[in-house]
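Structure data follow from coords04.csv (CSV, C-alpha atoms and all ligand atoms):
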chain,number,residue,atom,x,y,z
A,14,MET,CA,78.0,65.2,76.8
A,15,LYS,CA,76.1,62.1,75.9
A,16,ARG,CA,72.9,60.2,76.3
A,17,HIS,CA,69.5,60.7,74.9
A,18,THR,CA,68.9,64.2,73.9
A,19,ILE,CA,65.2,63.8,73.1
A,20,LEU,CA,64.1,62.4,76.5
A,21,PRO,CA,64.9,65.5,78.6
A,22,VAL,CA,62.9,67.6,76.1
A,23,LEU,CA,60.0,65.2,76.2
A,24,LEU,CA,60.1,65.2,80.0
A,25,LEU,CA,60.1,68.9,80.1
A,26,ILE,CA,57.1,69.1,77.8
A,27,VAL,CA,55.2,66.5,80.0
A,28,ALA,CA,56.1,68.5,83.1
A,29,LEU,CA,54.9,71.8,81.5
A,30,VAL,CA,51.6,70.2,80.4
A,31,LEU,CA,51.0,68.8,83.8
A,32,ALA,CA,51.8,72.1,85.4
A,33,ALA,CA,49.5,73.9,83.0
A,34,CYS,CA,46.7,71.5,84.0
A,35,GLY,CA,47.3,72.5,87.7
A,36,GLY,CA,48.4,68.9,88.4
A,37,GLY,CA,52.0,67.7,88.3
A,38,GLN,CA,53.0,64.4,89.9
A,39,ALA,CA,51.0,63.7,92.9
A,40,THR,CA,54.2,62.1,94.2
A,41,GLU,CA,56.3,65.2,93.9
A,42,GLU,CA,56.6,67.5,96.9
A,43,GLU,CA,58.7,70.4,97.8
A,44,ALA,CA,60.5,70.7,101.1
A,45,PRO,CA,59.8,73.9,103.0
A,46,ASP,CA,61.2,77.1,101.4
A,47,GLN,CA,62.3,75.4,98.2
A,48,GLY,CA,61.4,76.6,94.7
A,49,ASP,CA,61.8,80.4,94.7
A,50,GLY,CA,65.1,80.3,92.9
A,51,GLN,CA,67.0,81.9,95.8
A,52,PRO,CA,68.6,80.4,98.8
A,53,PRO,CA,67.1,81.9,102.1
A,54,ALA,CA,69.2,84.5,103.8
A,55,GLY,CA,72.0,83.0,105.9
A,56,ALA,CA,71.9,79.7,103.8
A,57,VAL,CA,74.7,78.5,101.7
A,58,ASP,CA,74.6,79.1,97.9
A,59,GLU,CA,77.1,76.4,96.9
A,60,ILE,CA,77.7,72.8,98.0
A,61,VAL,CA,80.1,70.1,96.9
A,62,LEU,CA,79.0,66.7,95.9
A,63,TYR,CA,81.7,64.0,96.2
A,64,ASN,CA,80.6,61.4,93.6
A,65,TRP,CA,81.8,58.6,91.3
A,66,SER,CA,82.8,60.0,87.9
A,67,GLU,CA,80.2,60.4,85.2
A,68,TYR,CA,77.3,59.5,87.5
A,69,ILE,CA,75.1,62.6,87.3
A,70,ASP,CA,73.6,64.5,84.4
A,71,PRO,CA,75.0,68.0,84.5
A,72,GLU,CA,71.6,69.2,83.5
A,73,ILE,CA,70.2,68.0,86.8
A,74,LEU,CA,72.7,70.3,88.6
A,75,SER,CA,71.6,73.3,86.4
A,76,MET,CA,67.9,72.6,87.0
A,77,PHE,CA,68.6,72.5,90.8
A,78,GLU,CA,70.5,75.8,90.6
A,79,GLU,CA,67.7,77.4,88.6
A,80,GLU,CA,65.1,76.3,91.2
A,81,THR,CA,67.0,77.0,94.4
A,82,GLY,CA,69.9,79.3,93.5
A,83,ILE,CA,72.2,76.7,95.0
A,84,VAL,CA,75.2,75.8,92.9
A,85,VAL,CA,76.3,72.1,93.2
A,86,THR,CA,79.9,71.4,92.2
A,87,GLU,CA,81.4,68.0,91.9
A,88,ASP,CA,84.5,66.3,93.1
A,89,ASN,CA,85.1,62.6,92.1
A,90,PHE,CA,86.4,59.4,93.6
A,91,SER,CA,87.1,56.0,92.0
A,92,SER,CA,86.3,53.6,94.8
A,93,ASN,CA,84.5,53.3,98.1
A,94,GLU,CA,87.9,52.9,99.8
A,95,GLU,CA,89.1,56.2,98.4
A,96,LEU,CA,85.9,57.9,99.6
A,97,LEU,CA,86.2,56.3,103.0
A,98,ALA,CA,89.9,57.2,103.4
A,99,LYS,CA,89.1,60.8,102.6
A,100,LEU,CA,86.4,61.1,105.3
A,101,GLN,CA,88.4,59.1,107.8
A,102,GLY,CA,91.3,61.6,107.1
A,103,GLY,CA,89.0,64.4,108.3
A,104,ALA,CA,88.1,66.0,104.9
A,105,THR,CA,85.6,68.8,105.3
A,106,GLY,CA,83.7,70.8,102.7
A,107,TYR,CA,81.6,68.0,101.3
A,108,ALA,CA,77.8,68.3,101.7
A,109,LEU,CA,76.9,65.1,99.8
A,110,ILE,CA,78.7,61.8,99.2
A,111,VAL,CA,77.7,58.6,97.3
A,112,PRO,CA,79.0,55.4,99.1
A,113,SER,CA,77.8,51.9,98.2
A,114,ASP,CA,75.9,49.7,100.5
A,115,TYR,CA,78.7,48.1,102.5
A,116,THR,CA,80.5,51.4,102.9
A,117,VAL,CA,77.4,53.0,104.3
A,118,SER,CA,77.5,50.4,107.1
A,119,ILE,CA,81.2,51.2,107.8
A,120,MET,CA,80.6,54.9,107.7
A,121,LYS,CA,77.6,54.7,110.1
A,122,GLU,CA,79.6,52.7,112.6
A,123,GLU,CA,82.5,55.2,112.4
A,124,GLY,CA,80.2,58.2,112.9
A,125,LEU,CA,81.0,59.6,109.5
A,126,LEU,CA,77.3,60.2,108.4
A,127,ALA,CA,74.7,62.7,109.6
A,128,LYS,CA,71.2,61.6,110.2
A,129,LEU,CA,68.7,62.9,107.6
A,130,ASN,CA,65.9,65.2,108.7
A,131,GLN,CA,63.2,63.4,106.7
A,132,ASP,CA,60.8,66.4,107.1
A,133,ASN,CA,63.0,68.1,104.6
A,134,ILE,CA,62.8,65.1,102.2
A,135,PRO,CA,59.0,64.6,101.5
A,136,ASN,CA,59.8,63.0,98.1
A,137,LEU,CA,61.2,60.0,100.0
A,138,SER,CA,57.8,58.5,99.6
A,139,ASN,CA,58.7,58.1,95.9
A,140,LEU,CA,61.3,55.4,96.7
A,141,SER,CA,60.3,51.8,95.8
A,142,GLU,CA,59.2,49.9,98.9
A,143,GLN,CA,62.3,47.6,98.7
A,144,PHE,CA,64.6,50.7,99.0
A,145,ARG,CA,62.8,52.1,102.1
A,146,ASN,CA,64.3,49.4,104.3
A,147,VAL,CA,67.7,48.4,103.0
A,148,PRO,CA,69.6,46.2,105.5
A,149,TYR,CA,72.5,48.6,105.8
A,150,ASP,CA,70.2,51.6,106.6
A,151,PRO,CA,66.7,50.6,107.7
A,152,GLY,CA,64.2,53.4,107.2
A,153,ASN,CA,66.7,55.5,105.3
A,154,GLU,CA,67.8,57.1,108.5
A,155,TYR,CA,71.2,58.2,107.0
A,156,CYS,CA,71.0,57.8,103.3
A,157,VAL,CA,68.8,57.6,100.2
A,158,PRO,CA,69.4,55.0,97.5
A,159,TYR,CA,70.8,56.8,94.4
A,160,GLN,CA,71.1,54.1,91.7
A,161,TRP,CA,71.7,50.4,91.7
A,162,GLY,CA,73.6,48.1,89.3
A,163,THR,CA,75.7,45.1,88.7
A,164,THR,CA,79.4,44.3,88.1
A,165,GLY,CA,80.3,42.0,85.2
A,166,ILE,CA,82.2,42.0,81.9
A,167,GLY,CA,81.9,44.4,79.0
A,168,TYR,CA,83.4,43.3,75.6
A,169,LEU,CA,83.5,44.1,71.9
A,170,SER,CA,81.0,41.6,70.6
A,171,SER,CA,82.4,41.3,67.0
A,172,LYS,CA,86.0,40.7,68.3
A,173,VAL,CA,85.5,38.6,71.4
A,174,GLU,CA,83.1,35.7,72.0
A,175,GLU,CA,80.6,36.3,74.8
A,176,PRO,CA,82.5,35.6,78.0
A,177,THR,CA,80.4,33.0,79.9
A,178,SER,CA,82.9,32.5,82.6
A,179,TRP,CA,85.3,34.6,84.7
A,180,ALA,CA,87.9,32.2,83.3
A,181,VAL,CA,88.5,34.8,80.5
A,182,LEU,CA,90.4,36.7,83.2
A,183,PHE,CA,91.5,34.0,85.6
A,184,ASP,CA,92.5,31.3,83.2
A,185,PRO,CA,93.3,33.5,80.2
A,186,ASP,CA,94.2,32.0,76.8
A,187,PRO,CA,97.3,33.8,75.5
A,188,ASP,CA,96.0,33.4,72.0
A,189,ALA,CA,92.7,35.1,72.8
A,190,PRO,CA,92.2,38.5,71.0
A,191,TYR,CA,91.7,40.3,74.3
A,192,PHE,CA,95.0,39.0,75.9
A,193,GLY,CA,96.9,42.1,76.9
A,194,ARG,CA,93.9,44.2,76.0
A,195,ALA,CA,91.7,43.7,79.0
A,196,THR,CA,91.2,45.7,82.3
A,197,MET,CA,90.0,45.0,85.8
A,198,LEU,CA,88.5,47.4,88.2
A,199,ASP,CA,91.0,49.2,90.4
A,200,ASP,CA,88.9,48.2,93.4
A,201,VAL,CA,89.9,45.9,96.1
A,202,ARG,CA,86.5,44.5,97.0
A,203,GLU,CA,85.2,44.2,93.5
A,204,SER,CA,88.3,42.5,92.1
A,205,PHE,CA,88.5,40.1,95.0
A,206,ALA,CA,84.8,39.4,94.6
A,207,ALA,CA,85.3,38.4,90.9
A,208,ALA,CA,88.1,36.0,91.9
A,209,LEU,CA,86.2,34.6,94.9
A,210,ILE,CA,83.0,34.0,92.9
A,211,TYR,CA,85.0,32.3,90.2
A,212,LEU,CA,86.5,30.0,92.9
A,213,GLY,CA,83.0,29.3,94.2
A,214,TYR,CA,83.7,31.1,97.5
A,215,ASP,CA,81.8,33.8,99.3
A,216,PRO,CA,82.8,37.2,98.0
A,217,ASN,CA,82.6,38.4,101.7
A,218,THR,CA,84.8,35.6,103.0
A,219,THR,CA,87.0,36.1,106.0
A,220,ASN,CA,88.9,32.9,105.4
A,221,GLU,CA,92.5,33.8,104.8
A,222,ALA,CA,93.3,30.7,102.8
A,223,GLU,CA,90.5,31.5,100.4
A,224,LEU,CA,91.7,35.0,100.1
A,225,GLN,CA,95.3,33.8,99.4
A,226,GLU,CA,93.9,31.6,96.6
A,227,ALA,CA,92.0,34.5,95.2
A,228,LYS,CA,95.1,36.6,95.4
A,229,GLU,CA,97.1,34.0,93.3
A,230,LEU,CA,94.4,34.1,90.7
A,231,LEU,CA,94.4,37.9,90.5
A,232,ILE,CA,98.1,37.8,90.0
A,233,LYS,CA,97.7,35.2,87.2
A,234,ALA,CA,95.1,37.4,85.6
A,235,LYS,CA,97.6,40.2,85.3
A,236,SER,CA,99.2,38.5,82.3
A,237,ALA,CA,96.1,39.3,80.3
A,238,LEU,CA,95.6,42.8,81.6
A,239,ALA,CA,96.5,46.1,80.1
A,240,GLY,CA,96.0,47.5,83.6
A,241,TYR,CA,93.6,48.3,86.5
A,242,ASP,CA,91.1,51.1,85.8
A,243,SER,CA,87.8,52.2,87.3
A,244,ASP,CA,87.4,55.5,85.5
A,245,THR,CA,88.2,55.2,81.8
A,246,TYR,CA,87.8,51.5,81.0
A,247,GLU,CA,84.6,52.1,79.1
A,248,ASP,CA,86.2,54.7,76.9
A,249,LEU,CA,89.1,52.4,76.2
A,250,LEU,CA,86.6,49.8,75.0
A,251,ALA,CA,84.7,52.4,72.9
A,252,SER,CA,88.0,53.4,71.2
A,253,GLU,CA,88.8,49.7,70.8
A,254,GLU,CA,92.2,50.2,72.5
A,255,ASN,CA,91.0,47.4,74.8
A,256,LEU,CA,88.6,44.5,73.9
A,257,LEU,CA,87.3,43.4,77.3
A,258,ALA,CA,86.8,44.9,80.7
A,259,HIS,CA,85.6,44.1,84.2
A,260,GLY,CA,83.2,46.9,85.2
A,261,TRP,CA,79.9,48.3,86.1
A,262,ASN,CA,76.9,47.8,83.8
A,263,GLY,CA,75.8,51.4,83.3
A,264,ASP,CA,79.4,52.5,82.4
A,265,PHE,CA,79.4,50.1,79.4
A,266,LEU,CA,75.9,51.1,78.3
A,267,PHE,CA,77.0,54.8,78.6
A,268,VAL,CA,79.4,54.3,75.6
A,269,VAL,CA,77.2,52.0,73.4
A,270,GLU,CA,76.2,55.2,71.6
A,271,ASP,CA,79.9,55.7,70.7
A,272,ASN,CA,80.5,52.1,69.8
A,273,PRO,CA,77.4,49.8,69.3
A,274,ASP,CA,79.7,46.8,69.3
A,275,ILE,CA,80.0,47.0,73.1
A,276,ALA,CA,78.0,44.3,75.0
A,277,TYR,CA,77.7,43.5,78.7
A,278,THR,CA,77.3,40.1,80.4
A,279,ILE,CA,77.5,38.5,83.8
A,280,PRO,CA,79.4,35.2,83.8
A,281,GLN,CA,77.6,32.0,84.7
A,282,GLU,CA,79.4,31.8,88.1
A,283,GLY,CA,77.7,35.1,89.1
A,284,GLY,CA,78.7,38.7,89.9
A,285,VAL,CA,78.2,41.6,92.2
A,286,ILE,CA,75.0,43.6,92.8
A,287,TRP,CA,75.2,46.9,94.6
A,288,VAL,CA,73.3,50.0,95.6
A,289,ASP,CA,74.9,53.4,95.7
A,290,ASN,CA,73.4,55.9,98.1
A,291,ILE,CA,73.4,59.6,98.6
A,292,CYS,CA,74.3,60.7,102.1
A,293,ILE,CA,75.5,63.7,104.1
A,294,PRO,CA,78.8,63.4,105.9
A,295,SER,CA,78.7,64.3,109.6
A,296,SER,CA,81.3,67.0,108.9
A,297,ALA,CA,78.8,69.0,107.0
A,298,THR,CA,77.7,72.3,108.6
A,299,PRO,CA,74.0,72.8,109.5
A,300,GLU,CA,73.7,75.1,106.5
A,301,GLN,CA,75.3,72.7,104.1
A,302,LYS,CA,73.1,69.9,105.5
A,303,GLU,CA,70.0,71.9,104.8
A,304,ALA,CA,71.0,72.6,101.2
A,305,ALA,CA,72.1,68.9,100.8
A,306,GLU,CA,68.6,67.7,102.0
A,307,LYS,CA,67.0,70.1,99.4
A,308,PHE,CA,69.2,68.4,96.8
A,309,ILE,CA,68.3,64.9,97.9
A,310,ASN,CA,64.6,65.9,97.8
A,311,PHE,CA,65.0,67.3,94.3
A,312,LEU,CA,66.7,64.1,93.1
A,313,LEU,CA,63.8,62.2,94.3
A,314,LYS,CA,61.3,64.0,92.0
A,315,PRO,CA,59.9,61.6,89.4
A,316,ASP,CA,61.2,63.5,86.4
A,317,VAL,CA,64.6,64.2,87.9
A,318,GLY,CA,65.0,60.5,88.9
A,319,ALA,CA,64.1,59.5,85.4
A,320,LEU,CA,66.6,61.9,83.9
A,321,LEU,CA,69.3,60.5,86.1
A,322,SER,CA,68.8,56.9,85.0
A,323,GLU,CA,68.3,57.9,81.3
A,324,TRP,CA,71.6,59.6,81.5
A,325,ASN,CA,73.8,57.2,83.4
A,326,TYR,CA,72.0,53.9,82.4
A,327,TYR,CA,71.7,52.6,85.9
A,328,ALA,CA,68.5,51.2,87.5
A,329,SER,CA,66.4,53.6,89.6
A,330,PRO,CA,65.3,52.9,93.2
A,331,ASN,CA,62.6,55.6,92.6
A,332,ALA,CA,59.2,54.0,91.8
A,333,ALA,CA,57.8,57.3,90.6
A,334,ALA,CA,60.8,57.8,88.2
A,335,GLU,CA,60.3,54.2,86.9
A,336,ASP,CA,56.7,55.1,85.9
A,337,ILE,CA,58.3,57.7,83.5
A,338,LEU,CA,61.2,55.6,82.3
A,339,GLY,CA,59.0,53.3,80.4
A,340,GLU,CA,59.0,49.7,79.3
A,341,GLU,CA,62.0,49.7,77.0
A,342,PHE,CA,64.3,50.9,79.7
A,343,LEU,CA,62.8,48.7,82.5
A,344,SER,CA,63.0,45.6,80.4
A,345,ASP,CA,66.6,46.0,79.4
A,346,PRO,CA,68.3,43.0,81.0
A,347,SER,CA,71.6,44.8,81.2
A,348,VAL,CA,70.0,47.4,83.4
A,349,TYR,CA,67.4,45.3,85.3
A,350,PRO,CA,68.8,41.7,85.4
A,351,PRO,CA,66.2,39.0,85.0
A,352,PRO,CA,65.4,36.7,87.9
A,353,ASP,CA,67.8,33.9,86.8
A,354,VAL,CA,70.7,36.4,86.7
A,355,LEU,CA,69.6,38.1,89.9
A,356,SER,CA,69.8,34.8,91.7
A,357,ARG,CA,73.6,34.6,90.9
A,358,LEU,CA,74.4,38.0,92.2
A,359,HIS,CA,76.0,38.8,95.6
A,360,TYR,CA,76.0,42.0,97.7
A,361,LEU,CA,79.4,43.1,99.2
A,362,GLU,CA,79.2,43.4,103.0
A,363,PRO,CA,81.5,44.9,105.5
A,364,VAL,CA,84.2,42.4,106.7
A,365,GLY,CA,85.3,44.3,109.8
A,366,GLU,CA,89.0,43.8,110.7
A,367,PHE,CA,89.4,41.8,107.5
A,368,GLU,CA,89.2,45.0,105.4
A,369,ALA,CA,92.9,45.4,106.3
A,370,VAL,CA,93.7,41.9,105.1
A,371,TYR,CA,91.9,42.4,101.8
A,372,GLN,CA,93.8,45.7,101.4
A,373,ARG,CA,97.2,44.1,102.2
A,374,LEU,CA,96.6,41.3,99.7
A,375,TRP,CA,95.4,43.7,97.1
A,376,ASP,CA,98.6,45.8,97.5
A,377,GLU,CA,100.5,42.5,97.0
A,378,VAL,CA,98.5,41.8,93.8
A,379,LYS,CA,99.2,45.3,92.5
A,380,ALA,CA,103.0,45.0,93.2
A,381,ALA,CA,103.3,41.4,91.8
A,382,THR,CA,104.7,40.4,88.4
A,383,PRO,CA,102.5,37.7,86.8
A,401,LIG,N1,80.4,55.8,86.7
A,401,LIG,C1,79.7,55.5,87.9
A,401,LIG,C2,80.0,54.1,88.5
A,401,LIG,C3,79.3,53.9,89.8
A,401,LIG,C4,79.7,52.6,90.3
A,401,LIG,N2,79.4,52.4,91.7
A,401,LIG,C5,79.5,51.0,91.9
A,401,LIG,C6,80.1,50.6,93.2
A,401,LIG,C7,80.0,49.2,93.4
A,401,LIG,N3,80.9,48.6,94.3

Could you quickly redo this structure as structure tokens?
Ligand code: SPD
Amino acid sequence: MKRHTILPVLLLIVALVLAACGGGQATEEEAPDQGDGQPPAGAVDEIVLYNWSEYIDPEILSMFEEETGIVVTEDNFSSNEELLAKLQGGATGYALIVPSDYTVSIMKEEGLLAKLNQDNIPNLSNLSEQFRNVPYDPGNEYCVPYQWGTTGIGYLSSKVEEPTSWAVLFDPDPDAPYFGRATMLDDVRESFAAALIYLGYDPNTTNEAELQEAKELLIKAKSALAGYDSDTYEDLLASEENLLAHGWNGDFLFVVEDNPDIAYTIPQEGGVIWVDNICIPSSATPEQKEAAEKFINFLLKPDVGALLSEWNYYASPNAAAEDILGEEFLSDPSVYPPPDVLSRLHYLEPVGEFEAVYQRLWDEVKAATP
């Protein structure tokens, strides 16, 4: 286990003091029948959350269990495509899933998501205004933004010069210290986005010639790579087995405690910005859905939202949680990119039929010898 050990204690003290004053956050509400420590008769007492790895503080799951009697267990995926394929294949048993923005659009279109009963989620009012009306899910009809972040490059700052360009991967210098000790995300859209952005193209392009060019670059990059990895790349940097990695900002910040030499940057050509969302699959039973909505409401409590970001180092879409997080966290440019960086970031969008083209070309990249 990692992260700050003092903050949860401080938050608990603040919560206890507020409760003793008869107050508590004006922005924190309980959905009907929540809070007696027992699930109602006939309700489920266990649900499964299908999530990215290392994305939720286990303490949050324990707190929820203590409050409601509902045990939340986790299963993990490594990419949106893995999650999507699982649901498209008819997987059942999941009450909660965490797709990114463009995948929410695809899942909605394919009928894979259940509509939220917002009466069960009064803490929705804690979301920042900009997350109440996201383009892929206006009005939070199906999902609630969970965390948001960026995709860039993590590196060991005493061994590698700050990478200012994606050229470190796409035009690698065989004499560079990171050559052969770098990784890229095992993620079709993210890895193509890095190459397309480096080439000056739209990371959501549906132009096959541009995609072919990006594919060639991705193959060229393989000479500098130790491999593709979306789950352990930050640990491999922390242990100094690798020196540079393409990845998600919070994952790098997660291991700075283990190795303070780790730094994160977004190259001058730009990078990807994304919003992950917590949603309920349409395959959930009514009982699972009710428990899942309780959990979503719980996550939206200000103190729980703050705990989540303090643990995983991703930015919070929850305005009431941000009030607790404090200036140091909110002004960290690796978590909340400043305006000049934000202006160079792109959201991934669904590309329709072209998803298959991306996937075919990605398979060719993976199979190729550089
Ligand atoms: N360890 C948690 C990582 C979560 C990353 N989600 C990002 C998806 C962007 N395409």

**Request:** Considering only C-alpha atoms and all ligand atoms, state which residue in the set A:Ser141, A:Ser322, A:Thr163, A:Thr382 is at the smallest distance from ligand LIG 401 (chain A).
**Result:**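 Using only C-alpha atoms and all ligand atoms, ligand LIG 401 (chain A) sits closest to A:Thr163.
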
**Prompt:** Using only C-alpha atoms, which of A:Leu256, A:Ile291, A:Ala333, A:Leu266 sits nearest Asp345 (chain A)?
**Reply:**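 Closest to Asp345 (chain A), using only C-alpha atoms: A:Leu266.
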
**Message:** Taking 3 positions as the minimum chain separation for residues in the same chain, which residues sit within 10 Å of region 124-136 of chain A when counting all atoms listed in the file? Answer as a ChimeraX atom specification.
**Reply:** /A:40-47,97,100-101,103,109-110,117-121,139-140,153-157,292-297,302-315,331,333

**Message:** Taking all atoms listed in the file into account, name the residue in A:Glu67, A:Glu366, A:Glu95, A:Asp58 that is nearest to Glu247 (chain A).
**Reply:**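 Nearest to Glu247 (chain A): A:Glu67.
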
Mind working out the centre and edge lengths of an axis-aligned box for ligand LIG 401 (chain A), all listed atoms inside, 4 Å added to each side, rounded to one decimal in Å and written as AutoDock Vina command-line options?
--center_x 80.1 --center_y 52.2 --center_z 90.5 --size_x 9.6 --size_y 15.2 --size_z 15.6

**Pairwise distance for CA of Leu338 (chain A) and CA of Asn290 (chain A), rounded to one decimal in Å** =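 Separating CA of Leu338 (chain A) from CA of Asn290 (chain A) is a distance of 20.0 Å.
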
**Request:** Could you report the residues within 7 Å of ligand LIG 401 (chain A), using only C-alpha atoms and all ligand atoms, as a list in words?
**Result:**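 Residues lying within 7 Å of ligand LIG 401 (chain A): Trp65, Ser66, Glu67, Tyr68, Ser113, Glu203, Trp261, Asp264, Trp287 and Asp289 of chain A.
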
Only all heavy atoms, please: region 138-146 of chain A from the block, as a compact mmCIF listing (two decimals), in the first residue's frame.
# COMPACT_ATOMS: atom_id res chain seq x y z
N SER A 138 -24.55 16.42 -7.38
CA SER A 138 -24.45 17.89 -7.35
C SER A 138 -23.04 18.34 -6.95
O SER A 138 -22.70 19.50 -7.11
CB SER A 138 -25.48 18.47 -6.38
OG SER A 138 -25.24 17.92 -5.09
N ASN A 139 -22.21 17.42 -6.44
CA ASN A 139 -20.83 17.79 -6.08
C ASN A 139 -19.90 17.89 -7.28
O ASN A 139 -18.80 18.42 -7.17
CB ASN A 139 -20.24 16.77 -5.09
CG ASN A 139 -20.88 16.88 -3.73
OD1 ASN A 139 -21.43 17.93 -3.40
ND2 ASN A 139 -20.80 15.83 -2.94
N LEU A 140 -20.33 17.31 -8.42
CA LEU A 140 -19.46 17.35 -9.61
C LEU A 140 -19.24 18.79 -10.05
O LEU A 140 -20.15 19.62 -9.99
CB LEU A 140 -20.15 16.62 -10.77
CG LEU A 140 -19.99 15.12 -10.90
CD1 LEU A 140 -20.65 14.67 -12.21
CD2 LEU A 140 -18.53 14.68 -10.89
N SER A 141 -18.03 19.07 -10.54
CA SER A 141 -17.77 20.39 -11.13
C SER A 141 -18.70 20.57 -12.32
O SER A 141 -19.00 19.59 -13.02
CB SER A 141 -16.35 20.49 -11.68
OG SER A 141 -15.42 20.12 -10.72
N GLU A 142 -19.08 21.80 -12.56
CA GLU A 142 -20.00 22.12 -13.65
C GLU A 142 -19.55 21.49 -14.98
O GLU A 142 -20.35 20.91 -15.71
CB GLU A 142 -20.09 23.65 -13.77
CG GLU A 142 -21.37 24.16 -14.41
CD GLU A 142 -22.65 23.46 -13.93
OE1 GLU A 142 -22.82 23.29 -12.69
OE2 GLU A 142 -23.47 23.08 -14.80
N GLN A 143 -18.24 21.58 -15.27
CA GLN A 143 -17.76 21.11 -16.57
C GLN A 143 -17.90 19.60 -16.74
O GLN A 143 -17.86 19.09 -17.86
CB GLN A 143 -16.30 21.52 -16.80
CG GLN A 143 -15.34 20.81 -15.86
CD GLN A 143 -13.90 21.23 -16.04
OE1 GLN A 143 -13.29 21.78 -15.15
NE2 GLN A 143 -13.35 20.95 -17.22
N PHE A 144 -18.08 18.88 -15.61
CA PHE A 144 -18.23 17.42 -15.71
C PHE A 144 -19.70 16.99 -15.64
O PHE A 144 -20.00 15.80 -15.63
CB PHE A 144 -17.40 16.71 -14.64
CG PHE A 144 -15.92 16.84 -14.90
CD1 PHE A 144 -15.15 17.76 -14.21
CD2 PHE A 144 -15.31 16.06 -15.87
CE1 PHE A 144 -13.79 17.89 -14.46
CE2 PHE A 144 -13.95 16.19 -16.14
CZ PHE A 144 -13.19 17.11 -15.44
N ARG A 145 -20.62 17.98 -15.57
CA ARG A 145 -22.06 17.63 -15.56
C ARG A 145 -22.57 17.45 -16.97
O ARG A 145 -23.62 16.89 -17.19
CB ARG A 145 -22.89 18.75 -14.87
CG ARG A 145 -22.57 19.01 -13.41
CD ARG A 145 -22.80 17.79 -12.55
NE ARG A 145 -24.13 17.21 -12.70
CZ ARG A 145 -25.18 17.50 -11.93
NH1 ARG A 145 -25.05 18.35 -10.95
NH2 ARG A 145 -26.34 16.92 -12.12
N ASN A 146 -21.81 18.00 -17.91
CA ASN A 146 -22.29 17.97 -19.29
C ASN A 146 -21.21 17.58 -20.27
O ASN A 146 -20.93 18.32 -21.22
CB ASN A 146 -22.87 19.34 -19.66
CG ASN A 146 -24.38 19.27 -19.60
OD1 ASN A 146 -24.98 18.36 -20.18
ND2 ASN A 146 -24.97 20.20 -18.89
